[in-house]
Amino acid sequence: MTRDIFQPSGQIQFGIFFQGVNSGTIWKAPQAGSQTDFESFRHIAQTAERGKFAAFFLGEGLRLREHLGRPHALDVVGRPDAQTMLAALAAVTTNIGLVATQNTTYNDPADLAHRLSSLDLISGGRAAWNIVTTDNAWTGANFRRGGYLDHADRYKHAEAFVVTAKRIWDSWETPAGPARRVLHEGQHYTVDVSPRLPRSAQYRPVLFQAGDSPDGRDFAARQADVIFSAHPKFDDAVEFRRDIVARSIAAGRGANAVQIMPASEFILGATDQEAQEKKAWVRSLQIGPQQAIAYLEQFWGRELSSYDPDGPLPEIDPVVEETSETRGSGFHGAKARQLADQWRAEAKDKGLSIRQFVTSKTARIDSTFTGSYTAVADHLAEYARVGAVDGFNISPWLIPTGLDEIVNHLVPELQERGVYPTEYRGTTLRENLGLETPVRSEEPAHV
Amino acid sequence: MSTFEERKAGFLAIELDGAGYKNIAAAVLAAESAGFQAATFKDTPEAGRTNALQRAAFAGPVTRTIAVVPEIDTVYTEPFHVSTQLASLDYVSGGRAGWIATAAVSPEAAAAVGRSFVEGDALAQEAAASIEVSRRLWDSWEDDAVIRDVATGRYIDVDKLHYADFETPADFSGAAYSVKGPSIIPRPLQGQLPVLAAASLVGEGLVPAYTVDAVLVSAPTPELLAAEVRDARARLGSSVAIVAELDVVLDSRGQAAESRALSEQEAGTPQDSRFARFVGSAAGLTELLDSLLREADGVRLHPAVLDVELEELSRLVLPELRRRGVLRPPVQDGTFRDVLGLAPAENRYSTTAAAPLAAGK
């Protein structure tokens, strides 16, 4: 059965991921613009649309990152609400998809489903939801609900949430209405709602999902349209595709039902050498001396400002008694000393200073494509040929001009090779991604 | 003797609900070019009505002078989300955002999010708490918190970020909650967005008057409206702007308002509206607004059929009110605070102002 055999499309697409809070976006360069002004968002969304990007993604933050008990001072921070910004961008764009990262823990399903449906109608069928989960009381401190969800329940809760949202979207009987009442009674919330919005031009918002654990992959294989993966390297991407195809078929969906778009970074130049030089410059601005020390502090759980960023890793041991939501989870408890030993040995072995070591740990080595426009285009054409991915979600390292060279130079190279769209297929995100019209969800769905 | 020159001209707002979600840009541009100072967006649970904040956000980038003011419920929403969404609206509209804080009396809204139904005095408590959370979060970043200091590697000055540390009061009727903060978005462009609420929700034992910037006053008939405006002014003092609510059905396209009002069921204003309703000619409405704008700071019009009424308002009513000096001319790139005549918002957490004292100066 062809439905069970994966068919490469021979094409790749791009999305842009405007992260908002991260250490990858350079703010120290003179070209770096505002992270909050609408103009930055407008410029990058319109540039992406000029480059026929499938989607514009926004991240979500529900509490500011902290460092040693205070807000983290060194990296880009402070961003608008995703759906509010996307509704505004809908007014100044025409074809690009608008993807809101939204959490299933600190939203109500009926309210979130309504707002996503609203964005979908306002944008003419271009909305999408990047589903993420949270499970910590530290984030819950900002919400009426507080910290109420156990880690083990994370995906169960998220899936019940998504199924409820789909039932709300699917409840509109005819183009004119009326809607069926949707009921859900679960462990964590109760929903009793008569939905009030009709279907959009793309039927319902496209669903992206980014979880990578076996549970997360199964959840995506059952519910998502696109996986926002962490596997952009060629061999890894091929393996991830194989795994997702198998899980999609097991979930009773077709081999091509779930698309894959890994997160990625592009550092390009007219020549390979120019790109390599640019990469060294980008990395030096991403991880300065203070960022390098702060990175270690986050794992050591103590102040390390007396250490020389160009010297060896600290010989003192991490604080192990205390755990914090903002410390790396791998460093909680007794693991901390063991991992610190490993890191010291690794740095010594490779002869790396603190700064070099942190750069090696944090640089998105696996997700970065570095090279000349033609070399990178050749490499990406190979992904398209075998269907390793359906596209890449690009995190620009510069706002707002970080897509300019990609759109001006890389996209035309890809178009010449016949592996990238030269026009939008339609006006909805679902059409532009080449996704099938979703099947109306069954009633009643007891989850 | 009060002369024309001494009297401050008022402003006009228009409710754009009738625009639906397909014609937001056209409607808000028409309202802006007609000279309205503010556009409002309803958010009650009716079939076909999209989220009000998103419609306002869509309207933001396509306009230059008109304020965009959504209704957002305070009872069945998460105050942290509401605060962030409104701050974001201020960014996408260039500082022209406002908030009509509503308190939904709705068993359906409660059931939808699985909460107990809130009614009576508890509604005002929920509204007051939500407004306070937003105001604290908006101040939680001082204006100059983003420093981008290359020498020290600091993007923000952590001393200029503050935890909101909000807790519902001890006598709170609903489920108690707290909000930590700081906000996840820098302080809005206006510092504090103007907050509007129905006059019935504001006052002693309700939402404290000092926490809102304007109240929306309604009366059963146009004749009673001016008296209601004077009552609200006497009750709430001069620091709160008074906005009168008025449904409008005008003679148009050869049809008398009376017959239109009876025949058009798709009207944006229901027959059982709780607002005073003007039914008649553009000239008659001009006279009524002239007198109302002498008592109130502004009037919000609810057109029966947006396209039809807007055309008459734009052609016949607003130009005449401007000519008479009772309606303010629009100001390009002005803020909504400017429209309401509010001073720049001081930040409650401001450390900059306190610095010279701390340094012994």
# chains A, B, ... in the order shown; residues from 1 in each chain; ligands from 1

call {"tool": "interface_residues", "arguments": {"of": "chain A", "to": "chain B", "cutoff": "7 Å", "atoms": "only C-alpha atoms", "output": "ChimeraX atom specification"}}
result
/A:28,37-38,61-64,71,73-76,78-81,84-85,87-88,90-91,108,110,115,118-119,121-122,141-144,189-193,196-198,290

call {"tool": "select_by_dssp", "arguments": {"residues": "stretch 48-288 of chain B", "states": "alpha helix (DSSP H)", "output": "PyMOL selection string"}}
result
chain B and resi 52-59+79-92+107-112+121-139+222-236+257-263+282-288

call {"tool": "select_by_dssp", "arguments": {"residues": "stretch 33-162 of chain B", "states": "strand (DSSP E or B)", "output": "PyMOL selection string"}}
result
chain B and resi 38-41+67-73+97+99-102+141+146-149+154-156+161

call {"tool": "residues_around", "arguments": {"residues": "B:Ser33", "least_positions_apart": "2", "cutoff": "12 Å", "atoms": "only C-alpha atoms", "output": "PyMOL selection string"}}
result
chain B and resi 26-31+35-39+63-66+310-311+313-315+318-319+329-332

call {"tool": "closest_residue", "arguments": {"among": "A:Gly418, A:Trp300, A:Ser367, A:Ala237", "to": "A:Arg337", "atoms": "only C-alpha atoms"}}
result
A:Trp300
